[in-house]
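Shown below: protein33.txt, with compact mmCIF, C-alpha atoms.
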```txt
# COMPACT_ATOMS: atom_id res chain seq x y z
CA MET A 1 0.00 0.00 0.00
CA ASP A 2 1.52 3.32 -1.02
CA ASN A 3 0.18 6.62 0.23
CA GLU A 4 1.28 10.14 1.04
CA MET A 5 0.25 13.14 3.17
CA THR A 6 1.48 16.64 3.89
CA LEU A 7 0.50 18.81 6.86
CA SER A 8 1.62 22.39 7.43
CA PHE A 9 0.96 24.53 10.48
CA ILE A 10 2.35 27.61 12.21
CA ALA A 11 4.85 27.42 15.06
CA LYS A 12 2.47 27.31 18.01
CA SER A 13 2.80 24.62 20.67
CA GLU A 14 -0.94 23.90 20.37
CA ASN A 15 -0.18 22.34 16.97
CA GLU A 16 2.12 19.64 18.37
CA SER A 17 -0.84 17.42 19.24
CA LEU A 18 -2.35 18.08 15.79
CA ALA A 19 0.83 16.76 14.14
CA ARG A 20 0.88 13.68 16.39
CA MET A 21 -2.78 12.91 15.69
CA ALA A 22 -2.51 13.41 11.93
CA VAL A 23 0.38 10.95 11.55
CA MET A 24 -1.31 8.47 13.89
CA SER A 25 -4.45 8.55 11.73
CA PHE A 26 -2.37 8.22 8.57
CA ILE A 27 -0.49 5.14 9.81
CA ALA A 28 -3.64 3.39 11.06
CA GLN A 29 -4.13 1.81 7.62
CA LEU A 30 -1.03 -0.35 8.28
CA ASP A 31 -2.52 -1.68 11.52
CA PRO A 32 0.56 -1.06 13.69
CA THR A 33 1.04 -2.52 17.17
CA VAL A 34 0.50 -0.33 20.24
CA ASP A 35 4.27 -0.05 20.79
CA GLU A 36 4.94 0.87 17.15
CA LEU A 37 2.25 3.55 17.33
CA SER A 38 3.51 5.10 20.53
CA GLU A 39 7.15 5.05 19.38
CA LEU A 40 6.21 6.70 16.09
CA LYS A 41 4.11 9.25 17.94
CA THR A 42 7.05 10.05 20.22
CA ILE A 43 9.42 10.66 17.29
CA ILE A 44 6.90 13.00 15.65
CA SER A 45 6.35 14.85 18.91
CA GLU A 46 10.09 15.34 19.50
CA ALA A 47 10.84 16.55 15.96
CA VAL A 48 7.84 18.88 15.76
CA SER A 49 8.51 20.33 19.22
CA ASN A 50 12.13 20.98 18.19
CA ALA A 51 11.00 22.80 15.04
CA ILE A 52 8.55 24.96 17.01
CA ILE A 53 10.74 25.65 20.05
CA HIS A 54 14.24 25.76 18.60
CA GLY A 55 13.69 26.39 14.88
CA TYR A 56 11.18 29.19 15.29
CA GLU A 57 11.25 30.03 19.03
CA GLU A 58 7.44 29.65 19.04
CA ASP A 59 6.96 32.73 16.88
CA GLY A 60 3.37 31.76 15.99
CA LYS A 61 3.75 32.61 12.31
CA SER A 62 6.47 30.55 10.61
CA VAL A 63 5.47 27.25 9.08
CA VAL A 64 6.43 23.67 9.98
CA THR A 65 5.73 21.00 7.38
CA VAL A 66 5.27 17.31 8.10
CA ARG A 67 5.34 15.02 5.09
CA ALA A 68 4.67 11.30 5.47
CA THR A 69 4.97 8.59 2.84
CA LEU A 70 3.99 4.95 3.05
CA ILE A 71 5.95 2.53 0.91
CA GLY A 72 4.87 -1.02 1.56
CA HIS A 73 5.10 -1.49 5.31
CA THR A 74 7.57 1.33 5.88
CA ILE A 75 6.63 4.88 6.83
CA GLN A 76 8.98 7.73 6.02
CA VAL A 77 8.34 11.05 7.70
CA SER A 78 10.06 14.36 7.11
CA ILE A 79 9.68 17.31 9.50
CA GLN A 80 10.90 20.55 7.93
CA ASP A 81 11.34 24.05 9.29
CA TYR A 82 12.97 27.12 7.74
CA GLY A 83 14.08 28.54 11.06
CA LYS A 84 17.41 29.31 12.64
CA GLY A 85 19.04 25.93 12.02
CA ILE A 86 21.59 23.99 14.08
CA GLY A 87 25.25 25.00 13.94
CA ASP A 88 26.64 21.70 15.17
CA VAL A 89 24.26 18.80 14.49
CA ALA A 90 26.54 16.16 16.07
CA GLN A 91 26.64 18.14 19.32
CA ALA A 92 22.87 18.73 19.26
CA MET A 93 22.35 14.98 18.99
CA GLU A 94 24.44 14.13 22.05
CA PRO A 95 22.35 12.83 24.96
CA LEU A 96 21.49 15.57 27.47
CA PHE A 97 22.76 18.40 25.26
CA THR A 98 20.30 21.30 25.27
CA THR A 99 20.41 25.00 24.52
CA LYS A 100 17.22 25.56 26.49
CA ALA A 101 17.90 24.16 29.96
CA ALA A 102 15.99 27.09 31.50
CA LEU A 103 12.87 25.86 29.70
CA GLU A 104 13.53 22.38 31.16
CA ARG A 105 14.26 20.83 27.78
CA SER A 106 15.92 17.56 28.75
CA GLY A 107 18.30 17.19 25.82
CA MET A 108 16.97 13.70 25.17
CA GLY A 109 14.91 14.41 22.04
CA PHE A 110 17.39 13.22 19.41
CA THR A 111 18.43 10.19 21.49
CA ILE A 112 14.78 9.13 21.69
CA MET A 113 14.22 9.78 17.97
CA GLU A 114 17.29 7.74 17.01
CA SER A 115 16.28 4.88 19.31
CA PHE A 116 12.70 4.63 18.08
CA ALA A 117 13.38 5.14 14.35
CA ASP A 118 15.01 2.59 12.03
CA GLU A 119 16.92 5.33 10.25
CA LEU A 120 17.17 9.02 11.09
CA VAL A 121 18.82 11.80 9.09
CA VAL A 122 19.15 15.36 10.35
CA GLN A 123 20.07 18.06 7.87
CA SER A 124 20.52 21.61 9.01
CA VAL A 125 22.02 24.88 7.80
CA GLU A 126 22.36 27.76 10.24
CA GLY A 127 19.95 30.53 9.30
CA GLU A 128 18.15 28.37 6.75
CA GLY A 129 16.41 25.62 8.67
CA THR A 130 16.38 21.99 9.70
CA SER A 131 14.88 18.81 8.35
CA VAL A 132 14.53 15.57 10.27
CA THR A 133 13.74 12.55 8.11
CA PHE A 134 13.21 9.09 9.49
CA THR A 135 11.87 5.71 8.48
CA LYS A 136 10.18 3.07 10.58
CA LYS A 137 9.04 -0.34 9.47
CA ILE A 138 5.58 -1.36 10.69
CA SER A 139 5.17 -5.05 11.41
CA SER A 140 1.40 -5.06 10.76
CA ALA A 141 0.38 -7.68 13.27
CA HIS A 142 -2.90 -8.28 11.43
CA ALA A 143 -1.63 -7.74 7.88
CA SER A 144 -3.42 -10.79 6.55
CA VAL A 145 -6.92 -9.49 7.37
CA MET A 146 -7.55 -7.94 3.96
CA MET B 147 -4.11 16.84 29.42
CA ASN B 148 -5.37 16.68 32.93
CA TYR B 149 -3.83 15.99 36.30
CA GLU B 150 -4.73 15.49 39.95
CA LEU B 151 -2.54 16.31 42.86
CA SER B 152 -3.18 14.61 46.21
CA MET B 153 -1.29 15.23 49.42
CA TYR B 154 -0.68 12.48 51.94
CA PRO B 155 0.69 12.79 55.45
CA GLU B 156 4.43 12.56 55.89
CA GLN B 157 5.20 14.89 53.02
CA ILE B 158 4.07 12.65 50.18
CA ALA B 159 2.44 14.14 47.08
CA ILE B 160 0.89 12.01 44.37
CA ILE B 161 0.52 13.46 40.89
CA ARG B 162 -1.78 11.54 38.56
CA LEU B 163 -1.33 12.48 34.91
CA TYR B 164 -3.98 11.79 32.29
CA GLY B 165 -4.09 12.12 28.50
CA GLU B 166 -1.04 13.35 26.58
CA LEU B 167 2.06 15.04 27.99
CA GLY B 168 4.13 16.90 25.42
CA HIS B 169 5.82 20.29 25.39
CA HIS B 170 2.56 22.28 25.22
CA GLU B 171 0.90 20.43 28.08
CA THR B 172 4.03 20.49 30.25
CA GLU B 173 4.19 24.28 29.99
CA LYS B 174 0.64 24.49 31.29
CA ILE B 175 1.05 22.36 34.42
CA ARG B 176 4.63 22.96 35.52
CA ALA B 177 4.08 26.12 37.53
CA GLN B 178 1.26 24.69 39.64
CA ILE B 179 3.13 21.47 40.46
CA SER B 180 6.26 23.42 41.26
CA LYS B 181 4.34 25.77 43.57
CA THR B 182 2.94 22.84 45.54
CA ILE B 183 6.42 21.47 46.13
CA LEU B 184 8.02 24.77 47.02
CA GLN B 185 5.24 26.03 49.31
CA GLY B 186 4.60 22.83 51.19
CA HIS B 187 6.70 20.28 52.97
CA VAL B 188 6.80 17.69 50.22
CA THR B 189 9.75 15.34 50.33
CA THR B 190 8.41 12.57 48.11
CA LEU B 191 6.73 12.97 44.76
CA ILE B 192 4.92 9.97 43.30
CA TRP B 193 4.19 10.33 39.57
CA ASN B 194 1.33 7.98 38.76
CA LEU B 195 1.39 7.50 34.99
CA ALA B 196 -1.24 4.74 34.79
CA GLY B 197 -3.70 7.13 33.14
CA LEU B 198 -1.17 8.80 30.84
CA GLN B 199 -1.59 7.85 27.20
CA PHE B 200 1.44 9.59 25.78
CA MET B 201 4.66 11.24 26.96
CA ASP B 202 7.73 12.57 25.15
CA SER B 203 10.99 14.04 26.48
CA SER B 204 9.05 17.01 27.85
CA GLY B 205 7.94 14.65 30.62
CA ILE B 206 11.60 13.92 31.39
CA GLY B 207 12.25 17.66 31.68
CA LEU B 208 9.24 18.08 33.96
CA ILE B 209 10.28 15.24 36.28
CA LEU B 210 13.98 16.21 36.36
CA GLY B 211 13.03 19.81 37.11
CA ARG B 212 10.93 18.77 40.10
CA MET B 213 13.74 16.43 41.26
CA ARG B 214 16.02 19.46 41.36
CA GLU B 215 13.51 21.31 43.53
CA LEU B 216 13.16 18.30 45.83
CA SER B 217 16.92 17.81 46.11
CA ILE B 218 17.06 20.94 48.29
CA VAL B 219 15.16 19.01 50.99
CA GLY B 220 16.77 15.65 50.22
CA GLY B 221 13.57 14.48 48.59
CA GLN B 222 12.90 11.59 46.28
CA ILE B 223 10.58 10.49 43.50
CA ILE B 224 8.77 7.36 42.36
CA ILE B 225 7.52 6.83 38.81
CA LEU B 226 4.48 4.54 38.89
CA ASN B 227 3.20 2.39 36.03
CA PRO B 228 4.67 3.93 32.87
CA SER B 229 3.79 2.30 29.52
CA SER B 230 6.48 0.22 27.79
CA THR B 231 7.40 3.11 25.47
CA MET B 232 7.62 5.54 28.40
CA GLN B 233 9.73 3.00 30.26
CA LYS B 234 12.25 3.06 27.39
CA ILE B 235 12.33 6.86 27.48
CA PHE B 236 13.05 6.75 31.22
CA GLN B 237 15.79 4.19 30.61
CA PHE B 238 17.51 6.39 28.02
CA SER B 239 17.33 9.27 30.48
CA GLY B 240 18.75 7.45 33.50
CA LEU B 241 15.47 7.50 35.42
CA ALA B 242 14.64 3.78 35.22
CA GLN B 243 15.78 3.24 38.81
CA TYR B 244 12.77 5.23 40.07
CA ILE B 245 10.15 3.12 38.27
CA MET B 246 7.71 0.92 40.20
CA HIS B 247 4.88 -1.17 38.82
CA ALA B 248 2.50 -1.17 41.77
CA ASP B 249 -0.52 0.65 43.13
CA GLU B 250 -0.26 3.92 45.03
CA GLN B 251 -0.66 2.27 48.43
CA ALA B 252 2.28 -0.03 47.74
CA ALA B 253 4.37 2.95 46.65
CA ILE B 254 3.50 4.83 49.84
CA SER B 255 4.37 1.78 51.96
CA HIS B 256 7.64 1.49 50.09
CA ILE B 257 8.47 5.13 50.90
CA ARG B 258 7.58 4.71 54.57
CA GLY B 259 9.68 1.59 54.68
CA ILE B 260 12.63 3.63 53.51
CA VAL B 261 11.84 6.53 55.84
CA HIS B 262 11.52 4.39 58.95
CA GLY B 263 14.23 1.89 58.08
```

Target format structure tokens, applied to this file:
Amino acid sequence: MDNEMTLSFIAKSENESLARMAVMSFIAQLDPTVDELSELKTIISEAVSNAIIHGYEEDGKSVVTVRATLIGHTIQVSIQDYGKGIGDVAQAMEPLFTTKAALERSGMGFTIMESFADELVVQSVEGEGTSVTFTKKISSAHASVM
Amino acid sequence: MNYELSMYPEQIAIIRLYGELGHHETEKIRAQISKTILQGHVTTLIWNLAGLQFMDSSGIGLILGRMRELSIVGGQIIILNPSSTMQKIFQFSGLAQYIMHADEQAAISHIRGIVHG
């Protein structure tokens, strides 16, 4: 089953749950397990929160785009912002590294994303934006139903 | 997102979280939870996650932040009944040692056991 969706929204924290819900609804057609669903949801939440908080500093006007593609039993999701970008991606991905400790950001976002995704690629240019693209294979526990 | 905060004697507070806990929801509840800790005599915080359907690293930030506030009074935390995905997130973050799978009464007894030797 191949399918595709794109969702765009402005950088307001209220839209984080919208992004989570949209991708959860989109993936439902593959009949994922509860653990697959919640891991996927966590990756989306981390990447979208990063775009809103770090990319755009919650400016309430710049746009985050989430694009999801299903190819067979694999979902690929790309979360794109055109915000301030990350100067040192390797450092940003280190466990516990955060630039917003005062906001109680734990610095665990990328570690969680890497752990729950099968593949994760982060591309960023300072002043131009960041994209996080990941894939996750869905086992489809009940794939034989149809 | 919804939560309940119950106080028990001997400085124990139980926080029951419901629904989804991400960045947006964390920002809404942090101040109130923090105020309860700082104004009262809380030394143990029990996070009951049985009713929580979703949590990302914002939950880690929320719990670590309250641990810092409790550390002033030598306090401690217990994380009750996280889902398997949350459990992994706690493991990555070094918080797995605080997890218990039990009911609230068992957690309170556990704390009192520690307190009274």

Scan for residues within 12 Å of the point (3.1, -1.7, 27.4) in the coordinates of the file, using only C-alpha atoms, and reply as a list of chain:residue names. A:Thr33, A:Val34, A:Asp35, A:Glu36, A:Leu37, A:Ser38, A:Glu39, B:Ala196, B:Leu198, B:Gln199, B:Phe200, B:Asn227, B:Pro228, B:Ser229, B:Ser230, B:Thr231, B:Met232, B:Gln233, B:Lys234, B:His247

Residue hits in chain B, query chain A, radius 7 Å, only C-alpha atoms, as a PyMOL selection string: chain B and resi 169-170+202-204+206-208+211+231+235+239

Around (12.9, 30.3, 15.4) in the file's frame, which residues reach within 10 Å when counting only C-alpha atoms? Return as a PyMOL selection string? chain A and resi 11+50-62+81-85+127+129

Please, what distance in Å, to one decimal, runs between atom CA of A:Ala19 and atom CA of A:Asp118?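 Calculated distance between atom CA of A:Ala19 and atom CA of A:Asp118 is 20.2 Å.
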
Report, in Å with one decimal, the straight-line distance from atom CA of A:Val63 to atom CA of A:Glu4.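 Separation of atom CA of A:Val63 and atom CA of A:Glu4: 19.4 Å.
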
Per-axis box centre and lengths in Å around stretch 212-216 of chain B, 6 Å margin per side, axis-aligned, as AutoDock Vina command-line options:
```
--center_x 13.5 --center_y 18.9 --center_z 43.0 --size_x 17.1 --size_y 16.9 --size_z 17.7
```

Can you measure atom CA of A:Val121 to atom CA of A:Lys100 for me? One decimal in Å is fine. 22.2 Å

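Taking all atoms listed in the file into account, A:Val66 lies nearest to A:Ser8 out of the set A:Ser8, A:Thr99, A:Gln91, A:Ser124.
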
Would you please work out which residue, of B:Ile218, B:Ile160, B:Ala248, B:Leu195, is nearest to B:Thr182 when using only C-alpha atoms? B:Ile160

Skip B:Leu163 itself and residues of its chain fewer than 6 positions away, then list as number ranges by chain all residues within 7 Å of it, counting all atoms listed in the file. B: 148-150, 194-195, 197-198

Coordinates of stretch 150-180 of chain B, N, CA and C atoms, as a compact mmCIF listing (two decimals), in the first residue's frame:
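New file result_6.txt:
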```
# COMPACT_ATOMS: atom_id res chain seq x y z
N GLU B 150 -4.23 15.34 38.58
CA GLU B 150 -4.73 15.49 39.95
C GLU B 150 -3.54 15.47 40.86
N LEU B 151 -3.62 16.29 41.89
CA LEU B 151 -2.54 16.31 42.86
C LEU B 151 -3.13 16.02 44.23
N SER B 152 -2.68 14.95 44.88
CA SER B 152 -3.18 14.61 46.21
C SER B 152 -2.04 14.63 47.20
N MET B 153 -2.31 15.20 48.37
CA MET B 153 -1.29 15.23 49.42
C MET B 153 -1.60 14.14 50.43
N TYR B 154 -0.54 13.47 50.88
CA TYR B 154 -0.68 12.48 51.94
C TYR B 154 0.17 12.92 53.11
N PRO B 155 -0.16 12.44 54.30
CA PRO B 155 0.69 12.79 55.45
C PRO B 155 2.13 12.35 55.19
N GLU B 156 3.01 12.87 56.02
CA GLU B 156 4.43 12.56 55.89
C GLU B 156 5.00 13.03 54.56
N GLN B 157 4.55 14.17 54.12
CA GLN B 157 5.20 14.89 53.02
C GLN B 157 5.19 14.17 51.67
N ILE B 158 4.16 13.35 51.46
CA ILE B 158 4.07 12.65 50.18
C ILE B 158 3.02 13.31 49.29
N ALA B 159 3.40 13.62 48.06
CA ALA B 159 2.44 14.14 47.08
C ALA B 159 2.34 13.15 45.93
N ILE B 160 1.09 12.87 45.53
CA ILE B 160 0.89 12.01 44.37
C ILE B 160 0.35 12.85 43.23
N ILE B 161 1.00 12.76 42.08
CA ILE B 161 0.52 13.46 40.89
C ILE B 161 0.05 12.41 39.89
N ARG B 162 -1.23 12.47 39.56
CA ARG B 162 -1.78 11.54 38.56
C ARG B 162 -1.95 12.29 37.25
N LEU B 163 -1.27 11.81 36.22
CA LEU B 163 -1.33 12.48 34.91
C LEU B 163 -2.24 11.68 33.99
N TYR B 164 -3.04 12.43 33.22
CA TYR B 164 -3.98 11.79 32.29
C TYR B 164 -3.81 12.39 30.89
N GLY B 165 -4.10 11.60 29.87
CA GLY B 165 -4.09 12.12 28.50
C GLY B 165 -2.68 12.15 27.91
N GLU B 166 -2.31 13.25 27.29
CA GLU B 166 -1.04 13.35 26.58
C GLU B 166 -0.16 14.43 27.20
N LEU B 167 1.11 14.09 27.41
CA LEU B 167 2.06 15.04 27.99
C LEU B 167 3.19 15.31 27.01
N GLY B 168 3.06 16.43 26.30
CA GLY B 168 4.13 16.90 25.42
C GLY B 168 4.61 18.25 25.91
N HIS B 169 5.28 18.98 25.03
CA HIS B 169 5.82 20.29 25.39
C HIS B 169 4.70 21.28 25.78
N HIS B 170 3.65 21.33 24.97
CA HIS B 170 2.56 22.28 25.22
C HIS B 170 1.90 22.04 26.57
N GLU B 171 1.60 20.77 26.86
CA GLU B 171 0.90 20.43 28.08
C GLU B 171 1.80 20.65 29.31
N THR B 172 3.09 20.32 29.15
CA THR B 172 4.03 20.49 30.25
C THR B 172 4.11 21.95 30.69
N GLU B 173 4.12 22.84 29.69
CA GLU B 173 4.19 24.28 29.99
C GLU B 173 2.98 24.74 30.82
N LYS B 174 1.86 24.07 30.60
CA LYS B 174 0.64 24.49 31.29
C LYS B 174 0.57 24.03 32.74
N ILE B 175 1.21 22.90 33.07
CA ILE B 175 1.05 22.36 34.42
C ILE B 175 2.27 22.54 35.32
N ARG B 176 3.40 22.91 34.73
CA ARG B 176 4.63 22.96 35.52
C ARG B 176 4.54 23.89 36.72
N ALA B 177 4.06 25.10 36.48
CA ALA B 177 4.08 26.12 37.53
C ALA B 177 3.28 25.68 38.76
N GLN B 178 2.11 25.09 38.52
CA GLN B 178 1.26 24.69 39.64
C GLN B 178 1.89 23.56 40.46
N ILE B 179 2.47 22.59 39.76
CA ILE B 179 3.13 21.47 40.46
C ILE B 179 4.32 21.99 41.27
N SER B 180 5.07 22.86 40.63
CA SER B 180 6.26 23.42 41.26
C SER B 180 5.89 24.21 42.53
```
